[in-house]
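Engineer: Here it is, the structure in full.
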Amino acid sequence: MIAIKLPNLDFLSQRYRALVFSGVIIGVSLLSLAVLGLNRGLDFTGGTLIEVGYKAPMDLAEVRTALSEGGFGNVMVQQFGTTRDVLLRIPPVGEVNDAELSQRVLHALNEAAPDQVELRRVEFVGPQVGKELAEQSGLAVLFSVIGILIYVAMRFEWRFSVGAVVATLHDAIVTLGVFSLLQIDFDLNVLAAVLTVIGYSLNDTIVLFDRVRENFRKVRKGTVLEIMNQSVNETMSRTIITAGTVFLVVVALYLFGGESLRGFSLALIIGVVSGTYSTIYIASAAAVMLGVSRADLLRTPKEAEADGRP
């Protein structure tokens with residue numbers, strides 16, 4: 001049987017540099033969110049989504065020009081799958097109903113390219129529905145963070161709980177910051193990806209913290225930093241395999257999943273990278289800086305008696 005030697009890398013020696021780096025990234029993200037905001041999709045703003053198909057590849061600049069000449073100047077135009085499929089996102093237009101709006105858009109496009117356009121799909125989201133979705137989305141993120149704080153505090157120790165929440169918020173803010181900086185559409189799919197990132201980051205953090213607790217109870221010698229580093233090294237193979245597999249899948253989804261999944265997969269790509277980083281350099285470093293010690297994680301007499309070990 002071949003013995004596999006575990007790595008012995010001193011990750012936490014770089015914790016202060018990592019915290020400075022994260023502070024800069026978080027600062028830029030928050031500044032972008034405050035100044036630019038999120039480019040909210042129709043799910044949150046309300047409006048009409050129209051999908052049209054051309055018989056031949058179409059230049060998006062020509063589509064925008066045709067819509068502008070037809071009285072639709074504030075329309076987001078993007079290719080949807082192929083160069084012949086075009087997706088139009090139109091903000092609310094007065095009291096115009098869905099059917100009338102789609103006919104006006106189709107007429108404007110046909111003026112520029114006669115008999116080349118066909119209407120494939122029309123979806124309408126009311127402004128009130130969009131407002132409610134935005135509020136409920138914010139509450140979903142808030143309640144998930146509160147749940148994480150309570151769960152980790154009950155399972156481990158409050159210092160670990162704070163570290164897990166800080167790491168989770170770090171990943172969510174970084175993901176939102178990238179979408180704000182690049183002004184990529186933020187819709188319900190992306191929100192679902194952000195919540196998935198929160199769950200992924202928490203899962204990775206819990207695995208590490210579980211190993212830290214085990215090592216605090218098992219290893220009799222060594223400082224807090226040494227045991228933390230040992231735990232990170234012991235879980236590194238699992239982290240690489242899990243994160244690497246997920247990363248490859250979401251990259252494939254980003255490249256080949258089509259326009260409708262582009263934002264979802266991009267958020268997951270950012271989240272996987274950020275989540276792996278934050279587990280080591282944010283969650284663990286925060287617990288160390290808050291003064292976690294061996295005594296905080298020792299078994300109580302009842303736990304020791306139940307396990308049959310001291």
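In the structure tokens, chains take letters A, B, ... by order of appearance, with residues numbered from 1 within each chain and ligands from 1 in the order shown.
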Among the residues of range 50-290 of chain A, find those DSSP assigns to strand (DSSP E) from the backbone and print them as a PyMOL selection string.
Structural biologist: chain A and resi 50-54+76-80+82-90+117-125+185-186
Engineer: Per DSSP on the backbone, filter range 81-238 of chain A down to the residues in helix (DSSP H, G or I) and report them as a count of residues only.
Structural biologist: 115
Engineer: Could you list, as an mmCIF file with N, CA, C and O atoms, in the first residue's frame, every residue within 9 Å of Ser22 in chain A, counting only C-alpha atoms and ignoring same-chain residues fewer than 6 positions away?
Structural biologist:
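For reference, selection.cif as written:
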```
data_model
loop_
_atom_site.group_PDB
_atom_site.id
_atom_site.type_symbol
_atom_site.label_atom_id
_atom_site.label_comp_id
_atom_site.auth_asym_id
_atom_site.auth_seq_id
_atom_site.Cartn_x
_atom_site.Cartn_y
_atom_site.Cartn_z
ATOM 1 N N HIS A 170 -18.592 37.715 2.135
ATOM 2 C CA HIS A 170 -17.484 38.033 1.223
ATOM 3 C C HIS A 170 -17.780 37.484 -0.168
ATOM 4 O O HIS A 170 -17.673 38.191 -1.175
ATOM 5 N N SER A 278 -12.126 31.948 0.350
ATOM 6 C CA SER A 278 -12.616 32.533 1.606
ATOM 7 C C SER A 278 -12.645 31.522 2.741
ATOM 8 O O SER A 278 -12.505 31.895 3.909
ATOM 9 N N ILE A 282 -10.501 33.672 4.900
ATOM 10 C CA ILE A 282 -11.448 34.562 5.562
ATOM 11 C C ILE A 282 -12.053 33.882 6.787
ATOM 12 O O ILE A 282 -11.916 34.367 7.906
#
```
Engineer: What lies within 6 Å of range 51-62 of chain A using only C-alpha atoms, ignoring chain neighbours under 2 positions off, as a ChimeraX atom specification?
Structural biologist: /A:64-65,83-87,116-121
Engineer: Just N, CA, C and O atoms for this one: save the residues we selected as a CSV table (one decimal), in the first residue's frame.
Structural biologist:
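Dumped everything to again34.csv:
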```
chain,number,residue,atom,x,y,z
A,64,ARG,N,-30.7,47.5,-33.3
A,64,ARG,CA,-30.9,48.7,-32.4
A,64,ARG,C,-31.3,49.9,-33.2
A,64,ARG,O,-32.2,50.7,-32.8
A,65,THR,N,-30.7,50.1,-34.4
A,65,THR,CA,-31.1,51.2,-35.2
A,65,THR,C,-32.6,51.2,-35.6
A,65,THR,O,-33.3,52.2,-35.6
A,83,THR,N,-26.6,33.7,-34.1
A,83,THR,CA,-26.6,35.0,-34.6
A,83,THR,C,-27.9,35.4,-35.3
A,83,THR,O,-28.2,36.5,-35.7
A,84,ARG,N,-28.8,34.4,-35.5
A,84,ARG,CA,-30.1,34.6,-36.1
A,84,ARG,C,-31.2,34.8,-35.0
A,84,ARG,O,-32.3,35.1,-35.3
A,85,ASP,N,-30.9,34.5,-33.7
A,85,ASP,CA,-31.8,34.6,-32.6
A,85,ASP,C,-31.5,35.9,-31.8
A,85,ASP,O,-30.4,36.0,-31.4
A,86,VAL,N,-32.5,36.7,-31.6
A,86,VAL,CA,-32.3,38.0,-30.9
A,86,VAL,C,-33.3,38.1,-29.8
A,86,VAL,O,-34.5,37.8,-30.0
A,87,LEU,N,-32.8,38.6,-28.7
A,87,LEU,CA,-33.6,38.8,-27.5
A,87,LEU,C,-33.7,40.2,-27.2
A,87,LEU,O,-32.7,40.9,-27.1
A,116,GLN,N,-38.1,39.1,-43.0
A,116,GLN,CA,-36.9,38.4,-42.4
A,116,GLN,C,-37.1,38.0,-40.9
A,116,GLN,O,-36.3,37.3,-40.4
A,117,VAL,N,-38.2,38.6,-40.3
A,117,VAL,CA,-38.3,38.4,-38.9
A,117,VAL,C,-39.6,37.6,-38.5
A,117,VAL,O,-40.6,37.8,-39.1
A,118,GLU,N,-39.4,36.8,-37.5
A,118,GLU,CA,-40.6,36.1,-37.0
A,118,GLU,C,-40.6,36.2,-35.5
A,118,GLU,O,-39.5,36.1,-34.8
A,119,LEU,N,-41.8,36.4,-34.9
A,119,LEU,CA,-41.9,36.5,-33.5
A,119,LEU,C,-42.0,35.1,-32.9
A,119,LEU,O,-42.8,34.3,-33.3
A,120,ARG,N,-41.2,34.9,-31.9
A,120,ARG,CA,-41.2,33.5,-31.3
A,120,ARG,C,-41.7,33.5,-29.8
A,120,ARG,O,-42.3,32.5,-29.4
A,121,ARG,N,-41.4,34.6,-29.1
A,121,ARG,CA,-41.9,34.5,-27.7
A,121,ARG,C,-42.1,35.9,-27.1
A,121,ARG,O,-41.3,36.8,-27.4
```
Engineer: Under the rule that only C-alpha atoms are counted, which of A:Ser293, A:Ser102, A:Ser284, A:Thr276 is the nearest residue to Leu12 in chain A?
Structural biologist: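 Using only C-alpha atoms, Leu12 in chain A sits closest to A:Ser284.
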Engineer: Quick one: residues within 12 Å of Glu132 in chain A, only C-alpha atoms, excluding same-chain residues fewer than 5 positions away - as a PyMOL selection string?
Structural biologist: chain A and resi 43-46+125-127+137-139
Engineer: Filtering to C-alpha atoms, could you give me those residues as a CSV table (one decimal), in the first residue's frame?
Structural biologist:
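Resulting contents of out_21.csv:
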```csv
chain,number,residue,atom,x,y,z
A,43,ASP,CA,-37.7,40.0,-13.3
A,44,PHE,CA,-37.0,42.9,-10.9
A,45,THR,CA,-37.9,46.0,-13.0
A,46,GLY,CA,-40.9,44.9,-14.9
A,125,VAL,CA,-43.5,41.1,-16.1
A,126,GLY,CA,-45.5,43.8,-14.2
A,127,PRO,CA,-43.6,46.5,-12.3
A,137,SER,CA,-34.8,38.3,-2.8
A,138,GLY,CA,-33.3,40.6,-0.3
A,139,LEU,CA,-35.1,38.8,2.5
```
Engineer: Restricting the calculation to only C-alpha atoms, which member of A:Met76, A:Val219, A:Ala252, A:Leu268 is positioned closest to Gly47 in chain A?
Structural biologist: A:Met76
Engineer: If we count only C-alpha atoms and set the cut-off at 9 Å, which residues sit around range 177-179 of chain A, ignoring sequence neighbours fewer than 3 positions away in its own chain? Please answer as a compact mmCIF listing (two decimals) with C-alpha atoms, in the first residue's frame.
Structural biologist:
```
# COMPACT_ATOMS: atom_id res chain seq x y z
CA ILE A 25 -11.92 43.67 -3.53
CA ILE A 26 -14.84 44.20 -1.15
CA VAL A 28 -14.33 48.08 -5.01
CA SER A 29 -17.41 45.85 -5.10
CA LEU A 30 -19.35 47.97 -2.59
CA LEU A 31 -18.33 51.18 -4.38
CA SER A 32 -19.53 49.77 -7.69
CA LEU A 33 -22.81 48.63 -6.14
CA GLY A 37 -25.81 49.49 -8.95
CA LEU A 38 -26.95 46.20 -10.44
CA ASN A 39 -28.22 46.01 -14.00
CA ALA A 172 -21.86 37.11 -2.12
CA ILE A 173 -20.51 40.68 -2.27
CA VAL A 174 -17.67 39.73 -4.64
CA LEU A 182 -19.52 44.56 -15.82
CA GLN A 183 -23.20 45.63 -15.82
CA ILE A 184 -24.33 42.08 -16.59
CA ASP A 185 -28.04 41.39 -16.32
CA PHE A 186 -29.05 40.45 -12.78
CA GLY A 263 -25.29 34.89 -15.99
CA ALA A 267 -22.01 33.71 -10.90
CA ILE A 270 -16.98 33.45 -9.40
```
Engineer: Using only C-alpha atoms, which of A:Val145, A:Leu266, A:Leu88, A:Val35 sits nearest Val249 in chain A?
Structural biologist: A:Leu266
Engineer: CA of Gly147 in chain A to CA of Asn233 in chain A: how many Å, to one decimal?
Structural biologist: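 Atom-to-atom, CA of Gly147 in chain A to CA of Asn233 in chain A, that is 28.2 Å.
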Engineer: Where does range 57-112 of chain A meet range 255-261 of chain A within 8 Å, residue by residue, with the nearest atom pair and distance in Å to one decimal for each, counting only C-alpha atoms, listed by chain and rising number, as CSV?
Structural biologist:
```
residue,atom,partner,partner_atom,distance
A:Gln79,CA,A:Glu259,CA,7.5
A:Phe80,CA,A:Glu259,CA,5.4
A:Gly81,CA,A:Gly258,CA,5.3
```
